[in-house]
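For reference, model-v7.cif (mmCIF, C-alpha atoms):
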```cif
data_input
loop_
_atom_site.group_PDB
_atom_site.id
_atom_site.type_symbol
_atom_site.label_atom_id
_atom_site.label_comp_id
_atom_site.auth_asym_id
_atom_site.auth_seq_id
_atom_site.Cartn_x
_atom_site.Cartn_y
_atom_site.Cartn_z
ATOM 1 C CA MET A 153 0.000 0.000 0.000
ATOM 2 C CA GLY A 154 2.817 2.364 0.897
ATOM 3 C CA LEU A 155 4.715 1.634 -2.340
ATOM 4 C CA ALA A 156 1.590 2.214 -4.419
ATOM 5 C CA LEU A 157 1.020 5.555 -2.678
ATOM 6 C CA ILE A 158 4.599 6.635 -3.323
ATOM 7 C CA GLN A 159 4.285 5.656 -6.991
ATOM 8 C CA LYS A 160 1.014 7.544 -7.317
ATOM 9 C CA THR A 161 2.511 10.634 -5.678
ATOM 10 C CA ILE A 162 5.553 10.600 -7.948
ATOM 11 C CA THR A 163 3.367 10.134 -11.016
ATOM 12 C CA TYR A 164 1.168 13.067 -10.023
ATOM 13 C CA TRP A 165 3.990 15.501 -9.324
ATOM 14 C CA LEU A 166 6.034 14.523 -12.389
ATOM 15 C CA SER A 167 3.346 14.047 -15.045
ATOM 16 C CA GLU A 168 -0.159 14.909 -13.848
ATOM 17 C CA HIS A 169 0.291 18.214 -12.036
ATOM 18 C CA PRO A 170 -1.746 20.992 -13.712
ATOM 19 C CA SER A 171 1.401 23.067 -14.293
ATOM 20 C CA ILE A 172 2.848 20.190 -16.313
ATOM 21 C CA VAL A 173 -0.284 19.151 -18.178
ATOM 22 C CA ASN A 174 -1.199 22.751 -19.100
ATOM 23 C CA PHE A 175 2.315 23.885 -19.987
ATOM 24 C CA ARG A 176 2.703 25.979 -23.109
ATOM 25 C CA TRP A 177 5.926 27.309 -24.644
ATOM 26 C CA SER A 178 5.235 30.997 -25.185
ATOM 27 C CA PRO A 179 7.283 34.225 -25.053
ATOM 28 C CA THR A 180 4.700 35.673 -22.676
ATOM 29 C CA GLN A 181 4.390 32.631 -20.394
ATOM 30 C CA SER A 182 7.782 30.899 -20.426
ATOM 31 C CA TRP A 183 10.896 32.537 -19.023
ATOM 32 C CA GLY A 184 13.830 32.406 -21.447
ATOM 33 C CA SER A 185 11.689 31.604 -24.476
ATOM 34 C CA THR A 186 12.780 34.449 -26.761
ATOM 35 C CA TRP A 187 15.560 34.595 -29.322
ATOM 36 C CA SER A 188 16.965 37.698 -27.662
ATOM 37 C CA PHE A 189 17.286 35.848 -24.352
ATOM 38 C CA VAL A 190 19.131 32.820 -25.701
ATOM 39 C CA ILE A 191 21.485 34.919 -27.866
ATOM 40 C CA THR A 192 22.233 37.266 -24.975
ATOM 41 C CA ALA A 193 22.782 34.369 -22.557
ATOM 42 C CA ILE A 194 25.242 32.647 -24.895
ATOM 43 C CA SER A 195 27.079 35.918 -25.552
ATOM 44 C CA VAL A 196 27.381 36.673 -21.835
ATOM 45 C CA TYR A 197 28.650 33.139 -21.182
ATOM 46 C CA ILE A 198 31.376 33.393 -23.828
ATOM 47 C CA ALA A 199 32.386 36.892 -22.713
ATOM 48 C CA ALA A 200 32.464 35.970 -19.013
ATOM 49 C CA ALA A 201 34.462 32.777 -19.551
ATOM 50 C CA THR A 202 36.978 34.489 -21.835
ATOM 51 C CA THR A 203 37.381 37.479 -19.508
ATOM 52 C CA LEU A 204 37.877 35.313 -16.421
ATOM 53 C CA HIS A 205 40.397 33.165 -18.257
ATOM 54 C CA LEU A 206 42.457 36.160 -19.375
ATOM 55 C CA LEU A 207 42.285 37.897 -15.986
ATOM 56 C CA LEU A 208 43.512 34.849 -14.114
ATOM 57 C CA ILE A 209 46.394 34.395 -16.543
ATOM 58 C CA LEU A 210 47.433 38.016 -16.019
ATOM 59 C CA ILE A 211 46.989 37.987 -12.242
ATOM 60 C CA ILE A 212 48.161 34.562 -11.042
ATOM 61 C CA GLY A 213 49.554 32.895 -14.169
ATOM 62 C CA ARG A 214 48.783 29.547 -15.737
ATOM 63 C CA ARG A 215 50.249 27.171 -13.171
ATOM 64 C CA ARG A 216 48.527 28.269 -9.973
ATOM 65 C CA SER A 217 45.054 26.897 -9.403
ATOM 66 C CA VAL A 218 42.215 28.426 -7.425
ATOM 67 C CA PRO A 219 40.993 26.014 -4.731
ATOM 68 C CA LEU A 220 37.305 25.233 -5.129
ATOM 69 C CA GLY A 221 36.822 22.899 -2.187
ATOM 70 C CA PRO A 222 33.656 20.804 -2.347
ATOM 71 C CA ILE A 223 31.923 23.034 -4.923
ATOM 72 C CA PRO A 224 32.571 20.769 -7.970
ATOM 73 C CA ALA A 225 31.435 17.705 -6.015
ATOM 74 C CA VAL A 226 28.233 19.439 -4.899
ATOM 75 C CA HIS A 227 27.615 20.575 -8.469
ATOM 76 C CA SER A 228 28.068 17.024 -9.769
ATOM 77 C CA LEU A 229 25.670 15.648 -7.181
ATOM 78 C CA ALA A 230 23.087 18.322 -7.991
ATOM 79 C CA MET A 231 23.359 17.666 -11.736
ATOM 80 C CA ALA A 232 23.022 13.912 -11.213
ATOM 81 C CA LEU A 233 19.836 14.386 -9.173
ATOM 82 C CA ILE A 234 18.356 16.977 -11.564
ATOM 83 C CA SER A 235 19.078 14.729 -14.546
ATOM 84 C CA ALA A 236 17.460 11.765 -12.798
ATOM 85 C CA VAL A 237 14.322 13.794 -12.051
ATOM 86 C CA ILE A 238 14.072 14.992 -15.666
ATOM 87 C CA PHE A 239 14.561 11.427 -16.915
ATOM 88 C CA VAL A 240 11.776 10.052 -14.714
ATOM 89 C CA GLY A 241 9.554 13.054 -15.458
ATOM 90 C CA ILE A 242 9.734 12.843 -19.230
ATOM 91 C CA LEU A 243 9.453 9.043 -19.126
ATOM 92 C CA LEU A 244 6.213 9.229 -17.139
ATOM 93 C CA SER A 245 4.976 12.151 -19.241
ATOM 94 C CA ALA A 246 5.645 10.357 -22.532
ATOM 95 C CA ALA A 247 3.774 7.311 -21.230
ATOM 96 C CA ALA A 248 0.856 9.530 -20.189
ATOM 97 C CA GLU A 249 0.754 11.313 -23.575
ATOM 98 C CA ILE A 250 0.725 7.966 -25.398
ATOM 99 C CA ARG A 251 -2.046 6.705 -23.119
ATOM 100 C CA ASP A 252 -4.201 9.810 -23.638
ATOM 101 C CA THR A 253 -3.810 10.080 -27.428
ATOM 102 C CA ARG A 254 -3.532 6.448 -28.521
ATOM 103 C CA TRP A 255 -7.245 6.382 -29.382
ATOM 104 C CA LEU A 256 -6.840 9.338 -31.724
ATOM 105 C CA TRP A 257 -3.856 7.758 -33.455
ATOM 106 C CA ARG A 258 -5.836 4.576 -34.013
ATOM 107 C CA LEU A 259 -8.795 6.535 -35.358
ATOM 108 C CA THR A 260 -6.788 8.687 -37.766
ATOM 109 C CA LYS A 261 -4.029 6.123 -38.434
ATOM 110 C CA THR A 262 -1.508 8.950 -38.354
ATOM 111 C CA THR A 263 1.164 7.529 -36.053
ATOM 112 C CA THR A 264 2.113 4.867 -33.524
ATOM 113 C CA PRO A 265 3.679 5.212 -30.056
ATOM 114 C CA PHE A 266 7.118 4.248 -31.357
ATOM 115 C CA GLN A 267 6.856 6.576 -34.324
ATOM 116 C CA TRP A 268 5.666 9.420 -32.090
ATOM 117 C CA LEU A 269 8.783 9.103 -29.914
ATOM 118 C CA LEU A 270 10.965 9.779 -32.949
ATOM 119 C CA CYS A 271 8.688 11.737 -35.243
ATOM 120 C CA PHE A 272 6.068 14.206 -34.022
ATOM 121 C CA PRO A 273 3.102 14.541 -36.428
ATOM 122 C CA LEU A 274 3.059 17.692 -38.545
ATOM 123 C CA GLY A 275 1.368 20.554 -36.718
ATOM 124 C CA THR A 276 2.505 19.518 -33.227
ATOM 125 C CA ARG A 277 2.510 22.486 -30.841
ATOM 126 C CA PRO A 278 5.012 22.935 -27.976
ATOM 127 C CA SER A 279 2.572 22.349 -25.165
ATOM 128 C CA GLY A 280 1.794 19.626 -22.666
ATOM 129 C CA ARG A 281 3.781 17.237 -20.524
ATOM 130 C CA VAL A 282 6.794 16.330 -22.644
ATOM 131 C CA PHE A 283 7.408 19.927 -23.630
ATOM 132 C CA PHE A 284 7.338 20.943 -19.972
ATOM 133 C CA TRP A 285 10.236 18.585 -19.319
ATOM 134 C CA SER A 286 11.951 19.739 -22.496
ATOM 135 C CA TYR A 287 11.665 23.248 -21.041
ATOM 136 C CA ILE A 288 13.208 22.107 -17.752
ATOM 137 C CA PHE A 289 15.962 20.323 -19.684
ATOM 138 C CA TYR A 290 16.631 23.522 -21.655
ATOM 139 C CA HIS A 291 17.159 25.476 -18.447
ATOM 140 C CA SER A 292 19.299 22.722 -16.939
ATOM 141 C CA ARG A 293 21.752 23.307 -19.805
ATOM 142 C CA PHE A 294 22.698 26.598 -18.164
ATOM 143 C CA LEU A 295 23.746 24.765 -14.994
ATOM 144 C CA HIS A 296 26.288 22.813 -17.035
ATOM 145 C CA LEU A 297 28.055 26.065 -17.858
ATOM 146 C CA PHE A 298 29.498 26.175 -14.346
ATOM 147 C CA ARG A 299 31.907 23.405 -15.333
ATOM 148 C CA THR A 300 33.584 25.767 -17.775
ATOM 149 C CA PHE A 301 34.357 28.169 -14.936
ATOM 150 C CA PHE A 302 35.555 25.311 -12.732
ATOM 151 C CA THR A 303 37.962 24.399 -15.529
ATOM 152 C CA ILE A 304 39.228 27.960 -15.829
ATOM 153 C CA LEU A 305 39.739 28.339 -12.077
ATOM 154 C CA ARG A 306 41.690 25.094 -11.997
ATOM 155 C CA ARG A 307 44.074 26.589 -14.578
ATOM 156 C CA ARG A 308 43.180 24.505 -17.589
ATOM 157 C CA ASN A 309 43.197 25.943 -21.062
ATOM 158 C CA LEU A 310 39.949 27.425 -22.330
ATOM 159 C CA SER A 311 39.389 25.932 -25.769
ATOM 160 C CA PHE A 312 37.219 27.235 -28.564
ATOM 161 C CA PHE A 313 35.530 23.840 -28.807
ATOM 162 C CA ARG A 314 34.405 23.953 -25.172
ATOM 163 C CA LEU A 315 32.761 27.351 -25.644
ATOM 164 C CA PHE A 316 31.274 26.318 -28.989
ATOM 165 C CA ASN A 317 29.966 23.028 -27.626
ATOM 166 C CA HIS A 318 28.208 24.485 -24.591
ATOM 167 C CA SER A 319 26.726 27.314 -26.642
ATOM 168 C CA ILE A 320 25.412 25.033 -29.374
ATOM 169 C CA LEU A 321 23.843 22.643 -26.882
ATOM 170 C CA ILE A 322 21.865 25.504 -25.339
ATOM 171 C CA LEU A 323 20.786 26.692 -28.774
ATOM 172 C CA MET A 324 19.691 23.209 -29.837
ATOM 173 C CA SER A 325 17.609 22.785 -26.677
ATOM 174 C CA PHE A 326 15.954 26.103 -27.461
ATOM 175 C CA LEU A 327 15.210 24.998 -31.042
ATOM 176 C CA TRP A 328 13.568 21.802 -29.778
ATOM 177 C CA LEU A 329 10.942 23.929 -28.081
ATOM 178 C CA GLU A 330 10.723 26.747 -30.580
ATOM 179 C CA PHE A 331 9.998 24.417 -33.521
ATOM 180 C CA SER A 332 8.461 21.410 -31.683
ATOM 181 C CA GLN A 333 11.300 19.359 -33.076
ATOM 182 C CA SER A 334 10.929 15.615 -33.507
ATOM 183 C CA PHE A 335 13.356 13.250 -31.749
ATOM 184 C CA GLN A 336 13.626 15.376 -28.613
ATOM 185 C CA VAL A 337 11.839 12.891 -26.323
ATOM 186 C CA ILE A 338 14.326 10.115 -27.090
ATOM 187 C CA ALA A 339 17.225 12.591 -27.014
ATOM 188 C CA ILE A 340 16.286 13.868 -23.556
ATOM 189 C CA LEU A 341 15.756 10.337 -22.221
ATOM 190 C CA LEU A 342 19.161 9.187 -23.459
ATOM 191 C CA THR A 343 20.987 12.326 -22.392
ATOM 192 C CA THR A 344 19.540 12.658 -18.906
ATOM 193 C CA PHE A 345 20.050 8.963 -18.186
ATOM 194 C CA LEU A 346 23.740 9.242 -19.069
ATOM 195 C CA TYR A 347 24.033 12.593 -17.274
ATOM 196 C CA SER A 348 22.778 11.015 -14.073
ATOM 197 C CA VAL A 349 25.315 8.189 -14.428
ATOM 198 C CA VAL A 350 28.284 10.357 -15.436
ATOM 199 C CA TYR A 351 27.690 13.110 -12.897
ATOM 200 C CA GLY A 352 27.112 10.468 -10.240
ATOM 201 C CA TYR A 353 30.498 9.011 -11.202
ATOM 202 C CA ARG A 354 32.079 12.455 -11.028
ATOM 203 C CA PHE A 355 30.660 12.961 -7.540
ATOM 204 C CA TRP A 356 31.903 9.500 -6.568
ATOM 205 C CA THR A 357 35.480 10.298 -7.626
ATOM 206 C CA ALA A 358 35.343 13.890 -6.340
ATOM 207 C CA ILE A 359 34.799 12.697 -2.763
ATOM 208 C CA GLY A 360 37.832 10.446 -2.990
ATOM 209 C CA LEU A 361 36.295 7.099 -3.895
ATOM 210 C CA PRO A 362 38.116 4.902 -6.447
ATOM 211 C CA SER A 363 37.631 5.570 -10.141
ATOM 212 C CA ALA A 364 36.894 2.999 -12.836
ATOM 213 C CA CYS A 365 39.749 0.977 -14.329
ATOM 214 C CA PHE A 366 38.639 1.965 -17.847
ATOM 215 C CA PRO A 367 37.784 5.308 -19.533
ATOM 216 C CA PHE A 368 34.280 5.517 -18.079
ATOM 217 C CA VAL A 369 33.277 8.947 -19.374
ATOM 218 C CA VAL A 370 34.527 8.280 -22.890
ATOM 219 C CA ASN A 371 32.708 4.944 -23.036
ATOM 220 C CA CYS A 372 29.471 6.604 -21.934
ATOM 221 C CA GLN A 373 29.929 9.128 -24.685
ATOM 222 C CA VAL A 374 30.475 6.444 -27.306
ATOM 223 C CA VAL A 375 27.202 4.812 -26.255
ATOM 224 C CA LEU A 376 25.326 8.118 -26.477
ATOM 225 C CA LEU A 377 26.784 8.997 -29.872
ATOM 226 C CA GLY A 378 25.884 5.578 -31.227
ATOM 227 C CA CYS A 379 22.308 5.791 -29.939
ATOM 228 C CA ASN A 380 21.904 9.300 -31.346
ATOM 229 C CA LEU A 381 23.145 8.155 -34.744
ATOM 230 C CA VAL A 382 20.635 5.295 -34.889
ATOM 231 C CA CYS A 383 17.775 7.564 -33.763
ATOM 232 C CA HIS A 384 18.624 10.248 -36.327
ATOM 233 C CA PHE A 385 18.500 7.600 -39.028
ATOM 234 C CA GLY A 386 15.065 6.566 -37.732
ATOM 235 C CA VAL A 387 13.770 10.143 -37.923
ATOM 236 C CA PHE A 388 15.092 10.404 -41.482
ATOM 237 C CA LEU A 389 13.210 7.266 -42.531
ATOM 238 C CA PHE A 390 9.953 8.269 -40.829
ATOM 239 C CA HIS A 391 10.070 11.729 -42.402
ATOM 240 C CA PHE A 392 10.260 10.412 -45.954
ATOM 241 C CA LEU A 393 8.216 7.226 -45.548
ATOM 242 C CA LYS A 394 5.422 8.337 -43.218
ATOM 243 C CA GLY A 395 4.441 11.768 -44.530
ATOM 244 C CA GLY A 396 6.806 14.082 -42.676
ATOM 245 C CA CYS A 397 8.002 14.898 -39.155
ATOM 246 C CA ASN A 398 7.416 18.163 -37.339
ATOM 247 C CA GLY A 399 10.338 20.569 -36.944
ATOM 248 C CA ILE A 400 12.417 18.801 -39.568
ATOM 249 C CA GLY A 401 14.390 21.980 -40.338
ATOM 250 C CA ALA A 402 15.584 22.264 -36.734
ATOM 251 C CA TRP A 403 16.287 18.524 -36.773
ATOM 252 C CA GLY A 404 18.472 18.986 -39.849
ATOM 253 C CA PHE A 405 20.442 21.740 -38.124
ATOM 254 C CA ASN A 406 20.753 19.506 -35.065
ATOM 255 C CA SER A 407 21.984 16.620 -37.214
ATOM 256 C CA VAL A 408 24.668 18.724 -38.909
ATOM 257 C CA LEU A 409 26.008 19.892 -35.552
ATOM 258 C CA ASN A 410 25.928 16.392 -34.094
ATOM 259 C CA GLY A 411 27.739 15.113 -37.160
ATOM 260 C CA ALA A 412 30.456 17.745 -36.794
ATOM 261 C CA ILE A 413 30.939 16.898 -33.129
ATOM 262 C CA LEU A 414 30.988 13.171 -33.958
ATOM 263 C CA LEU A 415 33.757 13.723 -36.508
ATOM 264 C CA PHE A 416 35.718 15.748 -33.964
ATOM 265 C CA PHE A 417 35.245 13.009 -31.396
ATOM 266 C CA LEU A 418 36.363 10.243 -33.753
ATOM 267 C CA LYS A 419 39.410 12.236 -34.818
ATOM 268 C CA TYR A 420 40.411 12.898 -31.228
ATOM 269 C CA TYR A 421 39.615 9.352 -30.090
ATOM 270 C CA VAL A 422 41.749 7.799 -32.847
ATOM 271 C CA LYS A 423 44.555 10.217 -32.002
ATOM 272 C CA GLU A 424 44.389 9.254 -28.322
ATOM 273 C CA TYR A 425 44.242 5.563 -29.198
ATOM 274 C CA PHE A 426 47.501 5.720 -31.131
ATOM 275 C CA LYS A 427 49.098 7.819 -28.396
ATOM 276 C CA LYS A 428 48.277 5.134 -25.846
ATOM 277 C CA ARG A 429 49.861 2.472 -28.031
ATOM 278 C CA THR A 430 53.203 4.304 -27.917
ATOM 279 C CA PRO A 431 55.437 4.078 -24.811
ATOM 280 C CA GLY A 432 55.119 7.006 -22.463
ATOM 281 C CA PRO A 433 53.667 8.204 -19.176
ATOM 282 C CA ALA A 434 50.437 6.570 -18.075
ATOM 283 C CA ARG A 435 47.288 8.417 -19.059
ATOM 284 C CA ASP A 436 44.080 8.349 -17.057
ATOM 285 C CA ASP A 437 40.397 8.606 -17.932
ATOM 286 C CA ASN A 438 40.292 12.287 -17.126
ATOM 287 C CA ALA A 439 42.986 13.173 -19.635
ATOM 288 C CA SER A 440 41.511 11.061 -22.408
ATOM 289 C CA SER A 441 38.058 12.549 -22.131
ATOM 290 C CA THR A 442 38.976 16.234 -22.239
ATOM 291 C CA HIS A 443 37.031 18.164 -24.888
ATOM 292 C CA LEU A 444 35.040 15.078 -25.928
ATOM 293 C CA SER A 445 31.427 15.964 -25.566
ATOM 294 C CA SER A 446 28.440 16.134 -27.835
ATOM 295 C CA VAL A 447 26.273 16.281 -24.728
ATOM 296 C CA ASN A 448 28.695 17.923 -22.313
ATOM 297 C CA LEU A 449 29.916 14.612 -20.840
ATOM 298 C CA LYS A 450 33.413 15.857 -20.081
ATOM 299 C CA ASP A 451 35.783 14.440 -17.518
ATOM 300 C CA LYS A 452 35.325 15.176 -13.866
ATOM 301 C CA ASP A 453 37.758 18.084 -13.855
ATOM 302 C CA ASP A 454 36.457 19.694 -17.041
#
```

Written form, structure tokens:
Amino acid sequence: MGLALIQKTITYWLSEHPSIVNFRWSPTQSWGSTWSFVITAISVYIAAATTLHLLLILIIGRRRSVPLGPIPAVHSLAMALISAVIFVGILLSAAAEIRDTRWLWRLTKTTTPFQWLLCFPLGTRPSGRVFFWSYIFYHSRFLHLFRTFFTILRRRNLSFFRLFNHSILILMSFLWLEFSQSFQVIAILLTTFLYSVVYGYRFWTAIGLPSACFPFVVNCQVVLLGCNLVCHFGVFLFHFLKGGCNGIGAWGFNSVLNGAILLFFLKYYVKEYFKKRTPGPARDDNASSTHLSSVNLKDKDD
């Protein structure tokens, strides 16, 4: 009885609450839902990170690090919990949306539950349960930006790719909502699941517990990239074989960016593989995973 009550409570607060069911993506109702906001936010992020990086180089040099104490560990724990909540929320919400609209799909023969997860029907509006959690996911992207500043304070180099990657991921999350883009339900499920695992691992190692004996973060990223590739191919097939998918223009932009990041990843991964095959100092998981992120799954110090 107690377990059933807990399950019912979780289901209500994560998929049946009126704020979730009645959500609507709108410039007048949703904070951060305008083009001016997202462009300004990305610009401020790049300017702040670059300025801090240059100031620290001028003031204390490259070798001295700024002690951060438990802040990175707390951040990792918070991101793991937030990602887990978003994962459960959108999973329950997707199940509820399928349950509530299955009768209409059968009547009109327009889609199936599996097809809907990859390919929203044409005319889909950004409202309801799954778009609420897409909205929460979009805002959670800004919390990932703190890792850039952790990296700077720890005296690592600030790369163009890191700034580009974080900025593009925020923009893509915005486009998911702005154009009701297909594929976002699966993308959020995959990403938040791996976020919860990777950030949990980062918290685990940050508090001094032993790390994995293999490149954990990089392997998680390989899994995510592979799943994304398969899902993008599925969207492509549904779009041309089933009459079109909503937000296909934004999906195309998303695919090009993911492809570019995948090529960068493969190039870097092959380079690291051959480096490891040559004699030299031992390299750990943290070093091998630097800059490798199509979903911001960087190493625990990045």

Once you count only C-alpha atoms, what closest atom pair and distance in Å to one decimal does each residue of range 277-386 of chain A within 9 Å of range 171-191 of chain A have, with rows by chain and rising residue number, as JSON lines?
```
{"residue": "A:Arg277", "atom": "CA", "partner": "A:Arg176", "partner_atom": "CA", "distance": 8.5}
{"residue": "A:Pro278", "atom": "CA", "partner": "A:Trp177", "partner_atom": "CA", "distance": 5.6}
{"residue": "A:Ser279", "atom": "CA", "partner": "A:Arg176", "partner_atom": "CA", "distance": 4.2}
{"residue": "A:Gly280", "atom": "CA", "partner": "A:Val173", "partner_atom": "CA", "distance": 5.0}
{"residue": "A:Arg281", "atom": "CA", "partner": "A:Val173", "partner_atom": "CA", "distance": 5.1}
{"residue": "A:Val282", "atom": "CA", "partner": "A:Ile172", "partner_atom": "CA", "distance": 8.4}
{"residue": "A:Phe283", "atom": "CA", "partner": "A:Phe175", "partner_atom": "CA", "distance": 7.4}
{"residue": "A:Phe284", "atom": "CA", "partner": "A:Phe175", "partner_atom": "CA", "distance": 5.8}
{"residue": "A:Trp285", "atom": "CA", "partner": "A:Ile172", "partner_atom": "CA", "distance": 8.1}
{"residue": "A:Tyr287", "atom": "CA", "partner": "A:Trp177", "partner_atom": "CA", "distance": 7.9}
{"residue": "A:His291", "atom": "CA", "partner": "A:Gly184", "partner_atom": "CA", "distance": 8.3}
{"residue": "A:Ile322", "atom": "CA", "partner": "A:Val190", "partner_atom": "CA", "distance": 7.8}
{"residue": "A:Leu323", "atom": "CA", "partner": "A:Val190", "partner_atom": "CA", "distance": 7.1}
{"residue": "A:Phe326", "atom": "CA", "partner": "A:Ser185", "partner_atom": "CA", "distance": 7.6}
{"residue": "A:Leu329", "atom": "CA", "partner": "A:Trp177", "partner_atom": "CA", "distance": 7.0}
{"residue": "A:Glu330", "atom": "CA", "partner": "A:Trp177", "partner_atom": "CA", "distance": 7.7}
```

Legend entry - Result set of the PyMOL selection byres ((chain A and resi 236-240) around 10) on the coordinates above, as JSON, numbers by chain: {"A": [162, 163, 166, 167, 230, 231, 232, 233, 234, 235, 241, 242, 243, 244, 245, 246, 284, 285, 286, 288, 289, 292, 337, 340, 341, 342, 343, 344, 345, 346, 347, 348, 349]}

Inset, instruction - Have a look at CA of Trp328 in chain A and CA of Lys261 in chain A and let me know their distance in Å, one decimal. - result: 25.1 Å

Inset, instruction - Give the answer as one residue: which of A:Ala248, A:Ala339, A:Leu393, A:Leu295 has the shortest atom-to-atom distance to Glu168 in chain A, using all atoms listed in the file? - result: A:Ala248

Legend entry - A:Cys397, A:Leu259, A:Ile211, A:Ala225 ranked by distance to Gln333 in chain A, top pick (using all atoms listed in the file): A:Cys397
